[in-house]
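Trainee: To start, I am sharing the structure in question, which I have written as structure tokens.
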Amino acid sequence: MSSRHDLLFRHATVIDGTCAPRFVADIAVDGDRISAIGRLDGARAEVEIDATGKVAAPGFIDCHTHDDRLLTSAPAMTPKVSQGVTTVITGNCGISLAPLVAADPPSPLDLIGAEGAYRFPSFAAFIEDLVAHPAATNAACLVGHTTLRVGVMDRLDRAATPAEARRMAQMTEEALRAGAIGLSTGTYYPPAAAATAAEIIEVARPLKAHGARYVTHMRNEDDRIIDAMLETFRIGREVGVPVIISHHKLVGVRNYGRSEETLRLLDQTAREQEVCVDCYPYIASSTMLRADRIPLSDRIVIAWSKPLPQTTGRDLADIAREMGVTQEEAVARLRPAGAIYFSMNEADVQRILRSPHTMVGSDGLPHDIKPHPRLWGTFPRVLGHYSRDLGLFSLETAVHKMTGLPAARFGLAERGVLKAGAYADITVFDPATVAERASFDSPATPAAGIDSVLVNGTPVWLRGEATGARPGRVLRHAG
Ligand code: ZN
Ligand code: CU
């Protein structure tokens with residue numbers, strides 16, 4: 001091996017993404033790959049970075065995002081790169097930007113699409129656009145069932161007819177051929193709530209032949225969560241594909257503590273079929289504003305409102321009081337809108353994060369005016385707050401949940417691990433200081449302690465600042 005390299009990290013503490021214990025080594029990068037890891041005393045490089053005392057990990061994979069449009073509208077991907085994320089998985093919760101041409105799509109599609117955003121008649125056209133306009137991070141894309149429904153059905157308050165389901169299955173097939181890594185659903189949301197399991201099974205049918213995944217924001221995450229999980233597992237079994245439950249949580253005070261029950265069911269099921277979950281490390285959720293969440297939440301904060309933008313960042317209860325109306329009536333006046341709901345229990349969040357089936361995903365909403373801080377803070381919060389400060393799990397485990405585990409579960413080949421020959425997606429951070437600085441009051445704040453981030457061998461973040469490089473690629477599943 002030549003001792004001249006493109007880039008060299010010296011004396012890094014390597015946490016390789018597999019859960020293996022850390023070790024000190026140099027890392028050499030050539031082109032888009034890691035060329036060597038070990039003692040490379042004689043080696044030289046164009047760029048040499050002293051990583052003494054720092055951890056070098058695989059670049060983080062944000063396995064739950066709504067970044068479909070962000071990748072081209074703000075390709076620096078600063079909320080992600082600044083926390084060490086090198087790959088985003090888009091199209092979650094049934095919502096993908098393609099394939100759909102629509103001027104004014106219904107909620108929740110408006111979470112990612114302002115006017116004119118839904119402009120891709122095929123999934124291939126969307127992928128081509130991503131390839132033609134690279135972002136700082138890689139992207140792996142899901143196709144959303146709700147997006148398909150909006151494109152195919154004249155009314156959304158009913159199940160699809162067999163002909164409509166067949167049409168959606170053809171569109172799934174087209175998306176998979178174009179490079180989609182799976183199908184997502186969001187039966188929690190009104191435009192897909194009337195979809196039956198039979199409809200979803202039909203639409204998901206093409207997944208198996210492509211080695212793709214079924215990912216779901218389930219019908220219910222409160223009182224009827226067990227039924228929703230059983231439905232999800234059944235769909236996975238009948239289609240014959242791995243299942244990923246999105247942002248696993250329990251909503252509403254009367255469901256606090258029930259993660260014991262859901263994780264027991266998950267453990268049991270994982271012995272018979274491939275299942276896992278993603279989770280963001282907060283007790284507040286965020287999505288479109290809806291009145292049925294009022295009784296389930298301790299507090300609701302407005303993230304954006306189209307008719308009343310001046311309410312952004314304020315409590316719904318205060319807004320309703322000032323209007324002199326019920327909170328339900330205030331919701332009607334604020335919509336279309338997005339909100340942050342304080343409706344979870346810390347013990348559940350910790351129990352779910354600890355599960356060996358749990359990956360880290362931000363579920364960040366990058367187009368919200370005042371977003372949930374998970375958009376900027378998820379990964380450093382798991383590394384700093386939950387692993388280092390609370391000791392919920394080792395740093396090796398924390399890194400695995402954001403690298404090796406999601407790479408394996410989403411079929412992203414040669415990513416998520418640090419080893420010679422793998423793609424050089426690398427995040428170097430300071431284990432003593434890594435922390436989220438994004439808060440509910442000032443959510444758009446970069447993390448502390450993220451030093452250097454490489455995507456496909458190219459630095460996108462150096463010494464705490466964006467480099468402006470855009471080496472991101474579209475990743476296809478490995479099967
Ligand atoms: Zn969701
Ligand atoms: Cu989501």
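Residue names in the structure tokens use chain letters A, B, ... in the order shown, residue numbers from 1 in each chain, and ligand numbers from 1 in the order shown.
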Contacts of stretch 346-354 of chain A at 8 Å or less, counting only C-alpha atoms, minus same-chain residues fewer than 5 places along, as a count of residues only?
Mentor: 17
Trainee: Which residues of chain A sit at most 6 Å from ligand 2, using only C-alpha atoms and all ligand atoms? Give each one's shortest atom pair and distance in Å (one decimal place), in chain and ascending residue order, as JSON lines.
Mentor:
```
{"residue": "A:Asn92", "atom": "CA", "partner": "ligand 2", "partner_atom_place_in_ligand_line": "1 (Cu)", "distance": 5.3}
{"residue": "A:Cys93", "atom": "CA", "partner": "ligand 2", "partner_atom_place_in_ligand_line": "1 (Cu)", "distance": 4.9}
{"residue": "A:Asp363", "atom": "CA", "partner": "ligand 2", "partner_atom_place_in_ligand_line": "1 (Cu)", "distance": 4.6}
```
Trainee: Only N, CA, C and O atoms, please: the residues just picked out, written as a JSON list (two decimals), in the first residue's frame.
Mentor:
```json
[["chain", "number", "residue", "atom", "x", "y", "z"],
["A", 92, "ASN", "N", -40.45, 9.16, 4.84],
["A", 92, "ASN", "CA", -41.08, 8.45, 5.95],
["A", 92, "ASN", "C", -42.53, 8.87, 6.19],
["A", 92, "ASN", "O", -42.99, 9.89, 5.70],
["A", 93, "CYS", "N", -43.23, 8.05, 6.95],
["A", 93, "CYS", "CA", -44.59, 8.35, 7.43],
["A", 93, "CYS", "C", -45.62, 8.41, 6.30],
["A", 93, "CYS", "O", -46.65, 9.07, 6.43],
["A", 363, "ASP", "N", -36.65, 12.24, 12.80],
["A", 363, "ASP", "CA", -38.01, 12.68, 12.45],
["A", 363, "ASP", "C", -38.09, 14.21, 12.40],
["A", 363, "ASP", "O", -39.15, 14.80, 12.60]]
```
Trainee: With the cut-off set at 8 Å and counting only C-alpha atoms and all ligand atoms, tabulate each residue of chain A with an atom at most that distance from an atom of ligand 1, showing the nearest atom pair and its distance in Å to one decimal, ordered by chain and increasing number, as a Markdown table.
Mentor:
```
| residue | atom | partner | partner_atom_place_in_ligand_line | distance |
| --- | --- | --- | --- | --- |
| A:Asn92 | CA | ligand 1 | 1 (Zn) | 6.7 |
| A:Cys93 | CA | ligand 1 | 1 (Zn) | 4.4 |
| A:Gly94 | CA | ligand 1 | 1 (Zn) | 8.0 |
| A:Gly186 | CA | ligand 1 | 1 (Zn) | 6.7 |
| A:Thr216 | CA | ligand 1 | 1 (Zn) | 7.7 |
| A:His217 | CA | ligand 1 | 1 (Zn) | 4.7 |
| A:Met218 | CA | ligand 1 | 1 (Zn) | 8.0 |
| A:Ser246 | CA | ligand 1 | 1 (Zn) | 6.3 |
| A:His247 | CA | ligand 1 | 1 (Zn) | 6.6 |
| A:Thr287 | CA | ligand 1 | 1 (Zn) | 7.6 |
| A:Asp363 | CA | ligand 1 | 1 (Zn) | 7.1 |
```
Trainee: Using only C-alpha atoms, can you tell me which of A:Thr312, A:Thr232, A:Ser452, A:Thr78 comes closest to A:Gln273?
Mentor: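 Looking only at the distances to A:Gln273, the closest residue turns out to be A:Thr232.
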Trainee: What does the distance between atom CA of A:Leu265 and atom CA of A:Ser355 come to in Å, to one decimal place?
Mentor: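 Separating atom CA of A:Leu265 from atom CA of A:Ser355 is a distance of 12.0 Å.
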Trainee: Using only C-alpha atoms, which residues sit within 6 Å of A:Asn456 once same-chain residues fewer than 5 positions away are excluded, as a PDB file with N, CA, C and O atoms, in the first residue's frame?
Mentor:
```pdb
ATOM      1  N   ASP A  32     -13.105   7.807  -2.439  1.00  0.00           N
ATOM      2  CA  ASP A  32     -14.316   7.784  -1.612  1.00  0.00           C
ATOM      3  C   ASP A  32     -14.299   6.672  -0.566  1.00  0.00           C
ATOM      4  O   ASP A  32     -15.318   6.410   0.067  1.00  0.00           O
ATOM      5  N   TYR A 423     -17.001   2.704   2.340  1.00  0.00           N
ATOM      6  CA  TYR A 423     -17.082   4.114   1.972  1.00  0.00           C
ATOM      7  C   TYR A 423     -16.617   4.981   3.144  1.00  0.00           C
ATOM      8  O   TYR A 423     -16.901   4.678   4.301  1.00  0.00           O
ATOM      9  N   ALA A 424     -15.935   6.062   2.801  1.00  0.00           N
ATOM     10  CA  ALA A 424     -15.396   6.942   3.840  1.00  0.00           C
ATOM     11  C   ALA A 424     -16.442   7.974   4.267  1.00  0.00           C
ATOM     12  O   ALA A 424     -16.303   9.169   4.026  1.00  0.00           O
ATOM     13  N   ASP A 425     -17.518   7.484   4.886  1.00  0.00           N
ATOM     14  CA  ASP A 425     -18.456   8.345   5.612  1.00  0.00           C
ATOM     15  C   ASP A 425     -17.989   8.285   7.066  1.00  0.00           C
ATOM     16  O   ASP A 425     -18.104   7.235   7.704  1.00  0.00           O
TER      17      ASP A 425
END
```
Trainee: Any chance you could list, as a VMD selection string, the residues in stretch 343-401 of chain A that come up helix (DSSP H, G or I) when DSSP is run on the backbone?
Mentor: chain A and resid 346 to 354 374 to 389 395 to 401
Trainee: So which one's closest to A:Val243, A:Ser184, A:Ser285, A:Thr90, A:Gln268? Using only C-alpha atoms, please.
Mentor: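 So, comparing all the options, the nearest one is A:Ser184.
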Trainee: Please return, as a ChimeraX atom specification, all residues of stretch 285-391 of chain A that DSSP assigns to strand (DSSP E or B) on the basis of the backbone.
Mentor: /A:285-288,299-305,315,337-342,358-360
Trainee: Can you write just those residues out, N, CA and C atoms, as a PDB file, in the first residue's frame?
Mentor:
```pdb
ATOM      1  N   SER A 285     -43.434  15.160  20.697  1.00  0.00           N
ATOM      2  CA  SER A 285     -43.507  14.787  19.289  1.00  0.00           C
ATOM      3  C   SER A 285     -43.813  16.040  18.477  1.00  0.00           C
ATOM      4  N   SER A 286     -43.851  15.897  17.137  1.00  0.00           N
ATOM      5  CA  SER A 286     -44.200  17.041  16.308  1.00  0.00           C
ATOM      6  C   SER A 286     -44.769  16.567  14.993  1.00  0.00           C
ATOM      7  N   THR A 287     -45.874  17.165  14.597  1.00  0.00           N
ATOM      8  CA  THR A 287     -46.475  16.872  13.304  1.00  0.00           C
ATOM      9  C   THR A 287     -47.521  17.944  13.015  1.00  0.00           C
ATOM     10  N   MET A 288     -48.443  17.648  12.077  1.00  0.00           N
ATOM     11  CA  MET A 288     -49.501  18.613  11.788  1.00  0.00           C
ATOM     12  C   MET A 288     -50.348  18.842  13.044  1.00  0.00           C
ATOM     13  N   ARG A 299     -49.017  19.699  26.883  1.00  0.00           N
ATOM     14  CA  ARG A 299     -48.758  21.047  26.374  1.00  0.00           C
ATOM     15  C   ARG A 299     -48.593  20.962  24.859  1.00  0.00           C
ATOM     16  N   ILE A 300     -49.114  21.943  24.132  1.00  0.00           N
ATOM     17  CA  ILE A 300     -48.984  21.974  22.668  1.00  0.00           C
ATOM     18  C   ILE A 300     -48.430  23.334  22.259  1.00  0.00           C
ATOM     19  N   VAL A 301     -47.359  23.310  21.456  1.00  0.00           N
ATOM     20  CA  VAL A 301     -46.722  24.552  20.999  1.00  0.00           C
ATOM     21  C   VAL A 301     -46.818  24.605  19.466  1.00  0.00           C
ATOM     22  N   ILE A 302     -47.169  25.760  18.940  1.00  0.00           N
ATOM     23  CA  ILE A 302     -47.344  25.909  17.489  1.00  0.00           C
ATOM     24  C   ILE A 302     -45.975  26.025  16.799  1.00  0.00           C
ATOM     25  N   ALA A 303     -45.750  25.165  15.797  1.00  0.00           N
ATOM     26  CA  ALA A 303     -44.482  25.192  15.047  1.00  0.00           C
ATOM     27  C   ALA A 303     -44.591  26.050  13.786  1.00  0.00           C
ATOM     28  N   TRP A 304     -45.780  26.150  13.238  1.00  0.00           N
ATOM     29  CA  TRP A 304     -46.079  27.037  12.099  1.00  0.00           C
ATOM     30  C   TRP A 304     -47.587  27.075  11.931  1.00  0.00           C
ATOM     31  N   SER A 305     -48.076  28.176  11.340  1.00  0.00           N
ATOM     32  CA  SER A 305     -49.499  28.263  11.032  1.00  0.00           C
ATOM     33  C   SER A 305     -49.638  29.126   9.799  1.00  0.00           C
ATOM     34  N   ASP A 315     -47.883  28.747  23.012  1.00  0.00           N
ATOM     35  CA  ASP A 315     -48.697  27.649  23.524  1.00  0.00           C
ATOM     36  C   ASP A 315     -50.131  27.757  23.009  1.00  0.00           C
ATOM     37  N   ALA A 337     -51.531  23.927   9.991  1.00  0.00           N
ATOM     38  CA  ALA A 337     -50.501  24.297  10.962  1.00  0.00           C
ATOM     39  C   ALA A 337     -49.748  23.059  11.415  1.00  0.00           C
ATOM     40  N   GLY A 338     -48.610  23.298  12.046  1.00  0.00           N
ATOM     41  CA  GLY A 338     -47.827  22.216  12.653  1.00  0.00           C
ATOM     42  C   GLY A 338     -47.659  22.500  14.127  1.00  0.00           C
ATOM     43  N   ALA A 339     -47.417  21.454  14.916  1.00  0.00           N
ATOM     44  CA  ALA A 339     -47.338  21.637  16.361  1.00  0.00           C
ATOM     45  C   ALA A 339     -46.339  20.688  16.998  1.00  0.00           C
ATOM     46  N   ILE A 340     -45.938  21.051  18.201  1.00  0.00           N
ATOM     47  CA  ILE A 340     -45.099  20.201  19.053  1.00  0.00           C
ATOM     48  C   ILE A 340     -45.959  19.780  20.236  1.00  0.00           C
ATOM     49  N   TYR A 341     -46.018  18.469  20.483  1.00  0.00           N
ATOM     50  CA  TYR A 341     -46.892  17.922  21.524  1.00  0.00           C
ATOM     51  C   TYR A 341     -46.062  17.310  22.646  1.00  0.00           C
ATOM     52  N   PHE A 342     -46.232  17.803  23.852  1.00  0.00           N
ATOM     53  CA  PHE A 342     -45.575  17.182  25.007  1.00  0.00           C
ATOM     54  C   PHE A 342     -46.522  16.115  25.538  1.00  0.00           C
ATOM     55  N   THR A 358     -33.704  -0.957  18.598  1.00  0.00           N
ATOM     56  CA  THR A 358     -33.959   0.463  18.345  1.00  0.00           C
ATOM     57  C   THR A 358     -32.787   1.170  17.682  1.00  0.00           C
ATOM     58  N   MET A 359     -33.114   1.868  16.577  1.00  0.00           N
ATOM     59  CA  MET A 359     -32.164   2.733  15.876  1.00  0.00           C
ATOM     60  C   MET A 359     -32.526   4.187  16.200  1.00  0.00           C
ATOM     61  N   VAL A 360     -31.590   5.095  15.922  1.00  0.00           N
ATOM     62  CA  VAL A 360     -31.853   6.509  16.162  1.00  0.00           C
ATOM     63  C   VAL A 360     -32.280   7.168  14.852  1.00  0.00           C
TER      64      VAL A 360
END
```
Trainee: A:Ala140: which residues within 12 Å, counting only C-alpha atoms, same-chain residues fewer than 3 positions away excluded, as number ranges by chain?
Mentor: A: 61-68, 71, 86-92, 96, 127, 130-131, 137, 143, 176, 178-183, 212-213, 406-407, 410-413, 415, 472-478
Trainee: Counting only C-alpha atoms, what is within 7 Å of A:Asp50, bar same-chain residues fewer than 6 positions away, as a list in words?
Mentor: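 The neighbour list is Phe9, Arg10 and His11 of chain A.
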Trainee: Counting only C-alpha atoms, which residues of stretch 55-103 of chain A fall within 8 Å of stretch 372-377 of chain A, and what is the closest atom pair for each with its distance in Å at one decimal, ordered by chain and rising number, as a tab-separated table?
Mentor:
```
residue	atom	partner	partner_atom	distance
A:Pro79	CA	A:Trp376	CA	4.9
A:Lys80	CA	A:Trp376	CA	6.5
A:Ser82	CA	A:Trp376	CA	7.7
A:Gln83	CA	A:Trp376	CA	6.8
```
Trainee: Name all residues at most 8 Å from A:Thr458 (count only C-alpha atoms; drop same-chain ones fewer than 4 positions away) and give them as a VMD selection string.
Mentor: chain A and resid 32 454 469 471
